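Source file: structure21.txt; contents: compact mmCIF, C-alpha atoms.
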```txt
# COMPACT_ATOMS: atom_id res chain seq x y z
CA MET A 1 138.37 127.31 38.16
CA THR A 2 137.79 131.07 38.03
CA THR A 3 134.75 132.68 39.60
CA ASN A 4 132.86 132.93 36.30
CA ASP A 5 133.41 129.27 35.35
CA ALA A 6 130.07 127.60 35.98
CA PRO A 7 129.57 123.83 35.97
CA PRO A 8 127.95 122.43 32.78
CA GLY A 9 124.30 123.41 32.65
CA ALA A 10 124.57 125.72 35.65
CA ARG A 11 122.75 129.04 35.66
CA LEU A 12 124.02 132.11 37.46
CA THR A 13 121.80 134.86 38.84
CA PRO A 14 120.76 137.04 35.88
CA GLU A 15 121.56 140.72 36.22
CA ARG A 16 118.86 143.34 36.50
CA ARG A 17 117.83 145.50 33.56
CA TRP A 18 117.67 148.85 35.34
CA PRO A 19 121.43 149.76 35.41
CA MET A 20 121.71 149.45 31.64
CA ALA A 21 118.35 151.19 31.07
CA THR A 22 119.36 154.06 33.38
CA ALA A 23 122.60 154.61 31.45
CA VAL A 24 120.69 154.71 28.16
CA LEU A 25 118.20 157.21 29.58
CA VAL A 26 121.06 159.43 30.77
CA ALA A 27 122.54 159.41 27.26
CA ILE A 28 119.15 160.26 25.72
CA VAL A 29 118.49 163.08 28.20
CA LEU A 30 121.92 164.56 27.45
CA GLN A 31 121.07 164.55 23.75
CA VAL A 32 117.85 166.43 24.48
CA ILE A 33 119.19 169.09 26.86
CA THR A 34 122.46 169.78 25.00
CA PRO A 35 122.59 173.20 23.24
CA HIS A 36 121.55 172.73 19.62
CA THR A 37 123.00 175.83 17.96
CA GLY A 38 125.08 175.41 14.82
CA ARG A 39 124.57 172.76 12.17
CA LEU A 40 122.37 170.43 14.27
CA ARG A 41 119.17 169.73 12.35
CA PHE A 42 116.40 167.31 13.22
CA TRP A 43 118.30 166.45 16.40
CA TRP A 44 115.09 165.16 17.98
CA VAL A 45 114.85 162.16 15.63
CA PHE A 46 117.50 160.05 17.35
CA PRO A 47 116.21 160.55 20.93
CA MET A 48 112.74 159.49 19.80
CA LEU A 49 114.05 156.38 18.04
CA GLU A 50 116.27 155.51 21.00
CA VAL A 51 113.39 155.79 23.48
CA ALA A 52 111.26 153.54 21.27
CA ALA A 53 114.09 150.99 21.02
CA LEU A 54 114.69 151.07 24.79
CA VAL A 55 110.99 150.44 25.44
CA ALA A 56 111.10 147.49 23.03
CA VAL A 57 114.17 146.09 24.81
CA ILE A 58 112.48 146.30 28.21
CA VAL A 59 109.22 144.80 26.94
CA ARG A 60 111.02 141.83 25.38
CA ASP A 61 113.04 141.07 28.50
CA PRO A 62 111.96 143.04 31.61
CA GLY A 63 113.27 142.62 35.13
CA ARG A 64 116.27 140.32 35.08
CA ILE A 65 118.01 139.67 31.76
CA ASP A 66 117.60 135.96 31.08
CA ARG A 67 115.91 135.50 27.69
CA ARG A 68 118.33 133.92 25.21
CA THR A 69 116.34 134.76 22.08
CA ARG A 70 117.45 136.24 18.79
CA ALA A 71 114.63 138.79 18.88
CA ALA A 72 115.67 140.12 22.29
CA ARG A 73 119.30 140.41 21.27
CA ARG A 74 118.52 142.02 17.91
CA THR A 75 116.41 144.65 19.66
CA THR A 76 119.27 145.43 22.03
CA LEU A 77 121.75 145.69 19.14
CA VAL A 78 119.40 148.05 17.29
CA LEU A 79 119.26 150.30 20.37
CA ILE A 80 123.06 150.34 20.71
CA ALA A 81 123.47 150.95 16.97
CA LEU A 82 121.13 153.97 17.14
CA LEU A 83 123.10 155.41 20.05
CA THR A 84 126.34 154.80 18.14
CA VAL A 85 125.17 156.52 14.96
CA GLY A 86 123.86 159.45 16.98
CA THR A 87 127.17 159.79 18.82
CA LEU A 88 129.27 159.65 15.66
CA GLY A 89 126.96 162.11 13.93
CA SER A 90 127.23 164.52 16.86
CA LEU A 91 131.02 164.24 16.74
CA VAL A 92 131.09 165.11 13.03
CA VAL A 93 128.75 168.06 13.51
CA LEU A 94 130.75 169.30 16.48
CA ALA A 95 134.00 169.09 14.49
CA LEU A 96 132.47 171.06 11.61
CA ASP A 97 131.11 173.72 13.96
CA VAL A 98 134.49 174.07 15.64
CA VAL A 99 136.63 174.44 12.51
CA ASP A 100 134.20 176.43 10.33
CA THR A 101 134.48 180.14 11.09
CA SER A 102 131.11 180.80 9.42
CA TYR A 103 129.59 179.25 12.54
CA SER A 104 131.47 181.50 14.92
CA ASN A 105 128.15 182.31 16.62
CA VAL A 106 128.41 178.94 18.37
CA GLY A 107 129.63 180.13 21.76
CA ALA A 108 131.96 178.57 24.28
CA THR A 109 129.11 177.48 26.54
CA ALA A 110 127.38 175.61 23.74
CA LEU A 111 130.62 173.96 22.62
CA LEU A 112 131.57 172.91 26.13
CA GLY A 113 128.07 171.61 26.81
CA ARG A 114 127.94 169.61 23.60
CA GLY A 115 131.47 168.31 24.12
CA ALA A 116 130.73 167.15 27.68
CA ALA A 117 127.48 165.51 26.63
CA LEU A 118 129.22 163.80 23.72
CA TRP A 119 131.98 162.50 25.99
CA VAL A 120 129.51 161.01 28.46
CA THR A 121 127.41 159.52 25.66
CA ASN A 122 130.56 158.01 24.17
CA VAL A 123 131.28 156.28 27.49
CA VAL A 124 127.73 154.90 27.66
CA VAL A 125 127.70 153.69 24.06
CA PHE A 126 130.93 151.75 24.31
CA SER A 127 130.01 150.33 27.72
CA LEU A 128 126.91 148.90 26.03
CA TRP A 129 128.97 147.36 23.22
CA PHE A 130 131.36 145.77 25.72
CA TRP A 131 128.45 144.52 27.83
CA GLU A 132 126.42 143.09 24.94
CA VAL A 133 129.20 141.41 22.94
CA ASP A 134 131.42 140.03 25.71
CA ARG A 135 130.70 136.30 26.26
CA GLY A 136 127.56 136.52 24.14
CA GLY A 137 125.75 139.09 26.26
CA ALA A 138 124.10 139.22 29.67
CA ALA A 139 121.67 136.34 29.07
CA GLU A 140 124.44 134.01 27.88
CA ARG A 141 126.62 134.90 30.84
CA ALA A 142 123.76 134.19 33.23
CA ALA A 143 123.18 130.82 31.57
CA GLY A 144 126.80 129.81 32.14
CA SER A 145 127.58 129.79 28.42
CA LYS A 146 131.04 128.60 27.42
CA ILE A 147 131.56 131.49 24.96
CA PRO A 148 135.15 132.70 25.58
CA PRO A 149 135.54 136.03 27.41
CA SER A 150 136.79 139.11 25.59
CA PHE A 151 138.03 140.91 28.71
CA GLY A 152 140.11 139.86 31.66
CA PHE A 153 138.62 141.42 34.82
CA PRO A 154 140.69 141.77 38.01
CA GLU A 155 138.04 139.82 39.96
CA GLU A 156 138.95 136.74 37.92
CA ALA A 157 142.56 136.99 39.04
CA MET A 158 141.50 137.34 42.70
CA PRO A 159 138.54 134.97 43.14
CA GLU A 160 139.01 134.89 46.90
CA LEU A 161 137.90 138.57 47.08
CA VAL A 162 134.57 138.20 45.26
CA PRO A 163 131.44 136.12 45.89
CA GLU A 164 131.30 132.63 44.44
CA GLY A 165 129.78 132.63 40.98
CA TRP A 166 130.86 136.22 40.24
CA MET A 167 130.37 137.40 36.68
CA PRO A 168 130.75 140.84 35.09
CA ARG A 169 127.61 142.96 35.01
CA TYR A 170 126.78 146.26 33.36
CA PRO A 171 128.45 148.50 36.00
CA ASP A 172 131.71 146.59 35.40
CA TYR A 173 131.56 147.40 31.69
CA LEU A 174 130.59 151.00 32.41
CA PHE A 175 133.67 151.38 34.61
CA LEU A 176 135.78 149.76 31.89
CA SER A 177 134.46 152.23 29.32
CA PHE A 178 134.92 155.23 31.64
CA THR A 179 138.54 154.42 32.48
CA ASN A 180 139.36 153.73 28.83
CA ALA A 181 137.85 157.08 27.75
CA THR A 182 139.69 158.88 30.54
CA ALA A 183 143.11 157.24 30.34
CA PHE A 184 142.99 156.51 26.57
CA SER A 185 144.21 152.99 27.40
CA PRO A 186 143.21 149.90 29.39
CA THR A 187 143.55 150.17 33.16
CA ASP A 188 142.56 147.29 35.44
CA THR A 189 140.62 145.29 32.82
CA LEU A 190 142.49 144.00 29.79
CA PRO A 191 141.07 143.15 26.34
CA VAL A 192 141.99 139.64 25.22
CA ARG A 193 140.17 139.53 21.86
CA VAL A 194 140.91 141.53 18.73
CA TRP A 195 137.43 143.04 18.53
CA ALA A 196 137.74 144.26 22.13
CA LYS A 197 141.12 145.86 21.47
CA MET A 198 139.92 147.61 18.32
CA THR A 199 136.70 148.81 19.97
CA MET A 200 138.60 150.23 22.93
CA MET A 201 140.94 151.97 20.50
CA VAL A 202 138.01 153.59 18.67
CA GLU A 203 136.52 154.79 21.95
CA SER A 204 139.83 156.33 23.00
CA VAL A 205 140.17 158.10 19.63
CA ILE A 206 136.65 159.57 19.89
CA SER A 207 137.30 160.72 23.46
CA LEU A 208 140.62 162.31 22.50
CA ILE A 209 139.21 164.06 19.42
CA THR A 210 136.30 165.44 21.44
CA ALA A 211 138.62 166.84 24.11
CA ILE A 212 141.01 168.39 21.59
CA LEU A 213 138.28 170.01 19.49
CA VAL A 214 136.28 171.45 22.36
CA ILE A 215 139.21 172.71 24.44
CA ALA A 216 141.00 174.26 21.47
CA ARG A 217 137.91 176.08 20.21
CA ALA A 218 136.55 177.07 23.62
CA ILE A 219 139.84 178.72 24.59
CA ASN A 220 139.58 180.89 21.49
CA VAL A 221 135.99 181.99 22.08
CA LEU A 222 135.98 182.43 25.85
CA PRO A 223 135.90 186.10 26.84
CA GLY A 224 139.23 187.51 27.97
```
As a first step, turn the structure in this file into structure tokens.
Amino acid sequence: MTTNDAPPGARLTPERRWPMATAVLVAIVLQVITPHTGRLRFWWVFPMLEVAALVAVIVRDPGRIDRRTRAARRTTLVLIALLTVGTLGSLVVLALDVVDTSYSNVGATALLGRGAALWVTNVVVFSLWFWEVDRGGAAERAAGSKIPPSFGFPEEAMPELVPEGWMPRYPDYLFLSFTNATAFSPTDTLPVRVWAKMTMMVESVISLITAILVIARAINVLPG
């Protein structure tokens, strides 16, 4: 029996809401403070919608995440979807600003700032997808649900090194997302489901494109 295998009907300690909420707030703040020169229009819409969705998520299931309701999960998925659309839209706009010489007034500082913010937001967005979809989400994991895992964590291969009843929590998925965006490949945690493999591939592609676009353009516009 691995550390996340709970006896039938057993409930594990639900994880707290604040790590996930903090990561979302960081992503929203980055969207707000990032330089908005270039093609960005109505950039403030997504931060406002995301804050409203985050408030709704917290209201539906505050404190520890233990409510296994469709409404609570739909609200969380709406929040993640908004962050995803905002991230992809920012990537498209950044790519257009980089390759279009008519927007040459977008300086190196603005490009580097937007690229860094986009990279961090990308890490947060995919960590949320991993966290919410794996094993049915945080509430299902806390309830000891028998939904098969999508990732193989190192703690499961070394149960003697972790507390009894260990289960992955949001920081584990954040680390998974960070290492995947940095190394462009799995590191210590391996995807074992097709959706997980494809999602990690998409995250790596976005991270790579962001780095290539920003570095290539910034080198050209930095003062000699």
**OP:** Would you please work out which residue, of A:Ala157, A:Met20, A:Val32, A:Leu88, is nearest to Trp44 in chain A when using all atoms listed in the file?
**Re:** A:Val32
**OP:** Could you check how far CA of Val125 in chain A sits from CA of Val99 in chain A, in Å to one decimal?
**Re:**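 Distance between the two atoms: 25.4 Å.
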**OP:** Please provide the set of residues having any atom within 12 Å of range 133-144 of chain A, restricted to only C-alpha atoms, with same-chain residues fewer than 4 positions apart removed, written as number ranges by chain.
**Re:** A: 3-17, 20, 61, 64-70, 72-74, 76-77, 80, 126-129, 148-153, 165-170, 172-173, 191-196, 199
Using C-alpha atoms, can you write the selected residues to a file as a CSV table (one decimal), in the frame of the given file?
```csv
chain,number,residue,atom,x,y,z
A,3,THR,CA,134.8,132.7,39.6
A,4,ASN,CA,132.9,132.9,36.3
A,5,ASP,CA,133.4,129.3,35.4
A,6,ALA,CA,130.1,127.6,36.0
A,7,PRO,CA,129.6,123.8,36.0
A,8,PRO,CA,128.0,122.4,32.8
A,9,GLY,CA,124.3,123.4,32.6
A,10,ALA,CA,124.6,125.7,35.6
A,11,ARG,CA,122.8,129.0,35.7
A,12,LEU,CA,124.0,132.1,37.5
A,13,THR,CA,121.8,134.9,38.8
A,14,PRO,CA,120.8,137.0,35.9
A,15,GLU,CA,121.6,140.7,36.2
A,16,ARG,CA,118.9,143.3,36.5
A,17,ARG,CA,117.8,145.5,33.6
A,20,MET,CA,121.7,149.4,31.6
A,61,ASP,CA,113.0,141.1,28.5
A,64,ARG,CA,116.3,140.3,35.1
A,65,ILE,CA,118.0,139.7,31.8
A,66,ASP,CA,117.6,136.0,31.1
A,67,ARG,CA,115.9,135.5,27.7
A,68,ARG,CA,118.3,133.9,25.2
A,69,THR,CA,116.3,134.8,22.1
A,70,ARG,CA,117.4,136.2,18.8
A,72,ALA,CA,115.7,140.1,22.3
A,73,ARG,CA,119.3,140.4,21.3
A,74,ARG,CA,118.5,142.0,17.9
A,76,THR,CA,119.3,145.4,22.0
A,77,LEU,CA,121.8,145.7,19.1
A,80,ILE,CA,123.1,150.3,20.7
A,126,PHE,CA,130.9,151.8,24.3
A,127,SER,CA,130.0,150.3,27.7
A,128,LEU,CA,126.9,148.9,26.0
A,129,TRP,CA,129.0,147.4,23.2
A,148,PRO,CA,135.2,132.7,25.6
A,149,PRO,CA,135.5,136.0,27.4
A,150,SER,CA,136.8,139.1,25.6
A,151,PHE,CA,138.0,140.9,28.7
A,152,GLY,CA,140.1,139.9,31.7
A,153,PHE,CA,138.6,141.4,34.8
A,165,GLY,CA,129.8,132.6,41.0
A,166,TRP,CA,130.9,136.2,40.2
A,167,MET,CA,130.4,137.4,36.7
A,168,PRO,CA,130.8,140.8,35.1
A,169,ARG,CA,127.6,143.0,35.0
A,170,TYR,CA,126.8,146.3,33.4
A,172,ASP,CA,131.7,146.6,35.4
A,173,TYR,CA,131.6,147.4,31.7
A,191,PRO,CA,141.1,143.2,26.3
A,192,VAL,CA,142.0,139.6,25.2
A,193,ARG,CA,140.2,139.5,21.9
A,194,VAL,CA,140.9,141.5,18.7
A,195,TRP,CA,137.4,143.0,18.5
A,196,ALA,CA,137.7,144.3,22.1
A,199,THR,CA,136.7,148.8,20.0
```
Subject >> Nearest to Thr187 in chain A, chosen from A:Ala81, A:Ala211, A:Met200, A:Val45, with all atoms listed in the file counted in the distances >> reply: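 Going through A:Ala81, A:Ala211, A:Met200, A:Val45 one by one, the smallest distance to Thr187 in chain A is for A:Met200.
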Original post:
Which value, in Å to one decimal, gives the distance between CA of Pro19 in chain A and CA of Leu208 in chain A?
Top reply: 26.3 Å
Subject >> Who sits within 9 Å of Arg60 in chain A, all atoms listed in the file, same chain under 3 positions skipped, as a PyMOL selection string >> reply: chain A and resi 55-57+67+71-72+75
Original post:
Which residue gives the smallest distance to Leu30 in chain A among A:Ile215, A:Met158, A:Leu118, A:Leu49, with all atoms listed in the file counted?
Top reply: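 Of the candidates, the smallest distance to Leu30 in chain A is held by A:Leu118.
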Original post:
Pick from A:Leu91, A:Val124, A:Leu111, A:Met48: nearest to Thr22 in chain A, with all atoms listed in the file counted?
Top reply: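 Of the candidates, the smallest distance to Thr22 in chain A is held by A:Val124.
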